[in-house]
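First comes the structure, then the notes that go with it.
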Amino acid sequence: MDIKQDVKNQFGRSADFYVSSKIHRNGGDLNTLIEMAHTKETEYALDVATGGGHTANALAPLVKKVTAMDITPKMLENAEEFIKGNGHTNVEFVEGDAEKMPFEDGSFDIITCRIAPHHFPDIEDFIKEVYRVLKPGGRFLLDDNVAPEEDAFDDFYNKIEKIRDYSHYRAWKKTEWLRMLEHAAFEIVEMHRFEKHFEFEDWCTRMHLTDEEKNTLTSIMLEAEESVKQKFRVQSEAGKIESFQGEAVLLSCVKW
């Protein structure tokens, strides 16, 4: 089974959790993303891998039209219910692959992609597609979890995410994002880093983990090197993981 089918399967069964997820619904990064987008009422926006639809929902009152795209039909259904339930009528919902988008060249003024690229197996194809369907002078707002620059920390974070979510492909390092975007001819104009606090039970519940899978993750985190525990602020009590900390980066890029 390929990773894109994994994504459809995983998020098809978790769609309800992503509409209600506090991290996705209320994260401070969403407000910052919208501020950095510098929207105009005449513009057309695309939200790639819209998930629960929170970014598309936030963009809807600020632009002429939003296209919310996702590879998972169930996600689109839930996003549509959520966004239309908020009274927005200028959002269309399109099933599509982030690495092969069903749009003409230069179709959008703004493209957003939030907390999703770590699921994309061909990340450079995704970046090329964003560049292709964006108008000259258009803005690309990228927001995703990232791995630390230190290889041991990178390995640890991607390992636990893959165990938790088999559709996880890779959380990239900040330097990898900068390199890939600039190689694709984007100009990076602004960057923000966010700390992300993960409550262990909620983090596991969103992916419907079994007790065995949770026990495996608990063992890995408890038995990790002390430097790893410190880096990720692993908090435990009586042999149970309570929380840990990750990070995300929000980049604003322009196509010239």
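Lettering and numbering for the structure tokens are positional, with chains as A, B, ... in the shown order, residues counted from 1 in each chain, and ligands counted from 1 in the shown order.
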
Find the nearest atom pair between each residue of segment 86-136 of chain A and segment 155-173 of chain A for residues within 7 Å, count only C-alpha atoms, give distances in Å to one decimal, sort rows by chain and ascending number, and present the table as a tab-separated table.
residue	atom	partner	partner_atom	distance
A:His118	CA	A:Ala171	CA	4.8
A:His119	CA	A:His168	CA	4.9
A:Phe120	CA	A:Tyr169	CA	6.4
A:Pro121	CA	A:Tyr169	CA	6.0

Suppose we keep C-alpha atoms; can you now write the selection as a compact mmCIF listing (two decimals), in the first residue's frame?
# COMPACT_ATOMS: atom_id res chain seq x y z
CA HIS A 118 5.08 15.98 6.54
CA HIS A 119 2.68 13.52 4.86
CA PHE A 120 3.87 14.26 1.31
CA PRO A 121 6.30 11.65 -0.10

Distance table requested - segment 141-255 of chain A against segment 123-130 of chain A, cut-off 8 Å, only C-alpha atoms: one row per qualifying residue with the closest atom pair and its distance in Å to one decimal, ordered by chain and rising residue number, as a tab-separated table.
residue	atom	partner	partner_atom	distance
A:Met180	CA	A:Glu124	CA	7.0
A:Leu181	CA	A:Ile127	CA	7.1
A:Ala184	CA	A:Lys128	CA	6.6

Just to be explicit: take each residue in the selection above, keep C-alpha atoms, and write the result as a compact mmCIF listing (two decimals), in the first residue's frame.
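Printed below is again_38.txt as written:
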# COMPACT_ATOMS: atom_id res chain seq x y z
CA MET A 180 14.14 23.48 -1.16
CA LEU A 181 12.06 26.64 -1.43
CA ALA A 184 12.46 26.27 -6.51

Please identify which residues in segment 30-164 of chain A DSSP calls helix (DSSP H, G or I) from the backbone, and express them as a ChimeraX atom specification.
/A:30-37,54-62,73-85,117-119,123-133,151-164

Output for the residues just chosen: C-alpha atoms as a short mmCIF file (atom, residue, chain, number, x, y, z; two decimals), in the first residue's frame:
data_model
loop_
_atom_site.label_atom_id
_atom_site.label_comp_id
_atom_site.auth_asym_id
_atom_site.auth_seq_id
_atom_site.Cartn_x
_atom_site.Cartn_y
_atom_site.Cartn_z
CA LEU A 30 -3.21 30.24 12.28
CA ASN A 31 -3.71 33.87 13.28
CA THR A 32 -0.12 34.66 12.35
CA LEU A 33 -0.49 32.88 9.00
CA ILE A 34 -3.56 34.97 8.15
CA GLU A 35 -1.75 38.18 9.12
CA MET A 36 1.24 37.24 6.95
CA ALA A 37 -1.00 36.46 3.96
CA HIS A 54 -9.63 25.76 9.54
CA THR A 55 -7.30 27.76 7.27
CA ALA A 56 -9.82 27.92 4.44
CA ASN A 57 -12.44 29.01 6.96
CA ALA A 58 -10.20 31.82 8.23
CA LEU A 59 -9.42 32.99 4.68
CA ALA A 60 -13.02 32.95 3.42
CA PRO A 61 -14.15 36.36 4.77
CA LEU A 62 -10.97 38.04 3.51
CA PRO A 73 -12.90 12.67 0.58
CA LYS A 74 -14.07 12.32 4.20
CA MET A 75 -11.89 15.26 5.22
CA LEU A 76 -13.46 17.38 2.48
CA GLU A 77 -16.95 16.41 3.61
CA ASN A 78 -16.24 17.42 7.18
CA ALA A 79 -14.47 20.62 6.13
CA GLU A 80 -17.42 21.58 3.95
CA GLU A 81 -19.88 21.00 6.77
CA PHE A 82 -17.71 23.06 9.15
CA ILE A 83 -17.10 25.97 6.76
CA LYS A 84 -20.66 26.22 5.40
CA GLY A 85 -21.88 25.93 8.97
CA PRO A 117 3.54 18.56 4.20
CA HIS A 118 5.08 15.98 6.54
CA HIS A 119 2.68 13.52 4.86
CA ILE A 123 7.99 17.17 -1.28
CA GLU A 124 9.89 18.77 -4.16
CA ASP A 125 7.04 17.91 -6.55
CA PHE A 126 4.66 19.61 -4.11
CA ILE A 127 6.79 22.76 -4.07
CA LYS A 128 7.01 22.79 -7.87
CA GLU A 129 3.23 22.45 -8.12
CA VAL A 130 2.69 25.33 -5.71
CA TYR A 131 5.01 27.47 -7.82
CA ARG A 132 3.21 26.45 -11.01
CA VAL A 133 -0.35 27.25 -9.91
CA ASP A 151 20.45 14.41 13.54
CA ALA A 152 19.81 12.46 16.75
CA PHE A 153 16.86 14.72 17.60
CA ASP A 154 15.63 14.57 14.01
CA ASP A 155 15.71 10.75 14.10
CA PHE A 156 13.85 10.61 17.42
CA TYR A 157 11.07 12.97 16.37
CA ASN A 158 10.44 11.33 13.01
CA LYS A 159 10.56 7.88 14.62
CA ILE A 160 7.85 8.58 17.19
CA GLU A 161 5.68 10.35 14.63
CA LYS A 162 5.92 7.39 12.24
CA ILE A 163 4.97 4.94 15.00
CA ARG A 164 2.05 7.15 15.99
#

Filtered DSSP result for segment 114-200 of chain A, state strand (DSSP E or B), as a PyMOL selection string
chain A and resi 114+134-147+173+186-199

Selected residues written out with N, CA and C atoms, as an mmCIF file, in the first residue's frame:
data_model
loop_
_atom_site.group_PDB
_atom_site.id
_atom_site.type_symbol
_atom_site.label_atom_id
_atom_site.label_comp_id
_atom_site.auth_asym_id
_atom_site.auth_seq_id
_atom_site.Cartn_x
_atom_site.Cartn_y
_atom_site.Cartn_z
ATOM 1 N N ARG A 114 -1.040 24.060 5.720
ATOM 2 C CA ARG A 114 -0.795 24.110 7.169
ATOM 3 C C ARG A 114 -0.867 22.712 7.788
ATOM 4 N N LEU A 134 0.622 29.147 -8.726
ATOM 5 C CA LEU A 134 0.621 30.476 -8.112
ATOM 6 C C LEU A 134 0.894 31.535 -9.180
ATOM 7 N N LYS A 135 0.200 32.664 -9.084
ATOM 8 C CA LYS A 135 0.431 33.773 -10.004
ATOM 9 C C LYS A 135 1.775 34.440 -9.694
ATOM 10 N N PRO A 136 2.432 35.059 -10.676
ATOM 11 C CA PRO A 136 3.630 35.863 -10.390
ATOM 12 C C PRO A 136 3.293 36.947 -9.362
ATOM 13 N N GLY A 137 4.131 37.058 -8.357
ATOM 14 C CA GLY A 137 3.863 37.995 -7.268
ATOM 15 C C GLY A 137 2.984 37.420 -6.180
ATOM 16 N N GLY A 138 2.527 36.168 -6.371
ATOM 17 C CA GLY A 138 1.662 35.531 -5.384
ATOM 18 C C GLY A 138 2.436 35.057 -4.166
ATOM 19 N N ARG A 139 1.695 34.819 -3.085
ATOM 20 C CA ARG A 139 2.311 34.421 -1.810
ATOM 21 C C ARG A 139 1.997 32.973 -1.468
ATOM 22 N N PHE A 140 3.002 32.294 -0.964
ATOM 23 C CA PHE A 140 2.858 30.924 -0.486
ATOM 24 C C PHE A 140 3.134 30.922 1.004
ATOM 25 N N LEU A 141 2.150 30.502 1.800
ATOM 26 C CA LEU A 141 2.282 30.423 3.251
ATOM 27 C C LEU A 141 2.392 28.959 3.651
ATOM 28 N N LEU A 142 3.553 28.571 4.125
ATOM 29 C CA LEU A 142 3.833 27.187 4.519
ATOM 30 C C LEU A 142 3.955 27.108 6.031
ATOM 31 N N ASP A 143 3.226 26.193 6.637
ATOM 32 C CA ASP A 143 3.229 26.033 8.086
ATOM 33 C C ASP A 143 3.269 24.540 8.390
ATOM 34 N N ASP A 144 4.348 24.071 9.007
ATOM 35 C CA ASP A 144 4.403 22.645 9.311
ATOM 36 C C ASP A 144 5.333 22.357 10.473
ATOM 37 N N ASN A 145 5.102 21.203 11.096
ATOM 38 C CA ASN A 145 6.008 20.711 12.119
ATOM 39 C C ASN A 145 7.374 20.466 11.490
ATOM 40 N N VAL A 146 8.425 20.782 12.231
ATOM 41 C CA VAL A 146 9.778 20.574 11.724
ATOM 42 C C VAL A 146 10.597 19.755 12.713
ATOM 43 N N ALA A 147 11.631 19.113 12.190
ATOM 44 C CA ALA A 147 12.575 18.369 13.010
ATOM 45 C C ALA A 147 13.748 19.277 13.377
ATOM 46 N N LYS A 173 13.782 19.457 8.365
ATOM 47 C CA LYS A 173 14.480 20.466 9.151
ATOM 48 C C LYS A 173 14.219 21.857 8.562
ATOM 49 N N PHE A 186 11.496 30.366 -5.113
ATOM 50 C CA PHE A 186 10.737 31.201 -4.198
ATOM 51 C C PHE A 186 11.688 32.144 -3.451
ATOM 52 N N GLU A 187 11.185 33.317 -3.131
ATOM 53 C CA GLU A 187 11.918 34.237 -2.269
ATOM 54 C C GLU A 187 11.243 34.220 -0.903
ATOM 55 N N ILE A 188 11.975 33.840 0.130
ATOM 56 C CA ILE A 188 11.426 33.750 1.480
ATOM 57 C C ILE A 188 11.500 35.131 2.119
ATOM 58 N N VAL A 189 10.340 35.648 2.513
ATOM 59 C CA VAL A 189 10.290 37.026 3.008
ATOM 60 C C VAL A 189 10.039 37.127 4.505
ATOM 61 N N GLU A 190 9.568 36.044 5.112
ATOM 62 C CA GLU A 190 9.289 36.100 6.552
ATOM 63 C C GLU A 190 9.259 34.688 7.115
ATOM 64 N N MET A 191 9.728 34.550 8.358
ATOM 65 C CA MET A 191 9.716 33.239 9.009
ATOM 66 C C MET A 191 9.394 33.400 10.487
ATOM 67 N N HIS A 192 8.557 32.497 10.994
ATOM 68 C CA HIS A 192 8.256 32.430 12.426
ATOM 69 C C HIS A 192 8.439 30.992 12.894
ATOM 70 N N ARG A 193 8.917 30.850 14.114
ATOM 71 C CA ARG A 193 9.032 29.529 14.738
ATOM 72 C C ARG A 193 8.060 29.470 15.913
ATOM 73 N N PHE A 194 7.360 28.339 16.023
ATOM 74 C CA PHE A 194 6.399 28.151 17.099
ATOM 75 C C PHE A 194 6.752 26.909 17.899
ATOM 76 N N GLU A 195 6.616 26.989 19.206
ATOM 77 C CA GLU A 195 6.698 25.799 20.034
ATOM 78 C C GLU A 195 5.327 25.131 20.048
ATOM 79 N N LYS A 196 5.319 23.808 20.016
ATOM 80 C CA LYS A 196 4.061 23.064 19.992
ATOM 81 C C LYS A 196 4.019 22.119 21.191
ATOM 82 N N HIS A 197 3.031 22.305 22.020
ATOM 83 C CA HIS A 197 2.867 21.468 23.212
ATOM 84 C C HIS A 197 1.907 20.330 22.881
ATOM 85 N N PHE A 198 2.360 19.103 23.078
ATOM 86 C CA PHE A 198 1.546 17.934 22.781
ATOM 87 C C PHE A 198 1.163 17.214 24.073
ATOM 88 N N GLU A 199 -0.129 17.129 24.340
ATOM 89 C CA GLU A 199 -0.618 16.270 25.420
ATOM 90 C C GLU A 199 -0.615 14.842 24.887
#
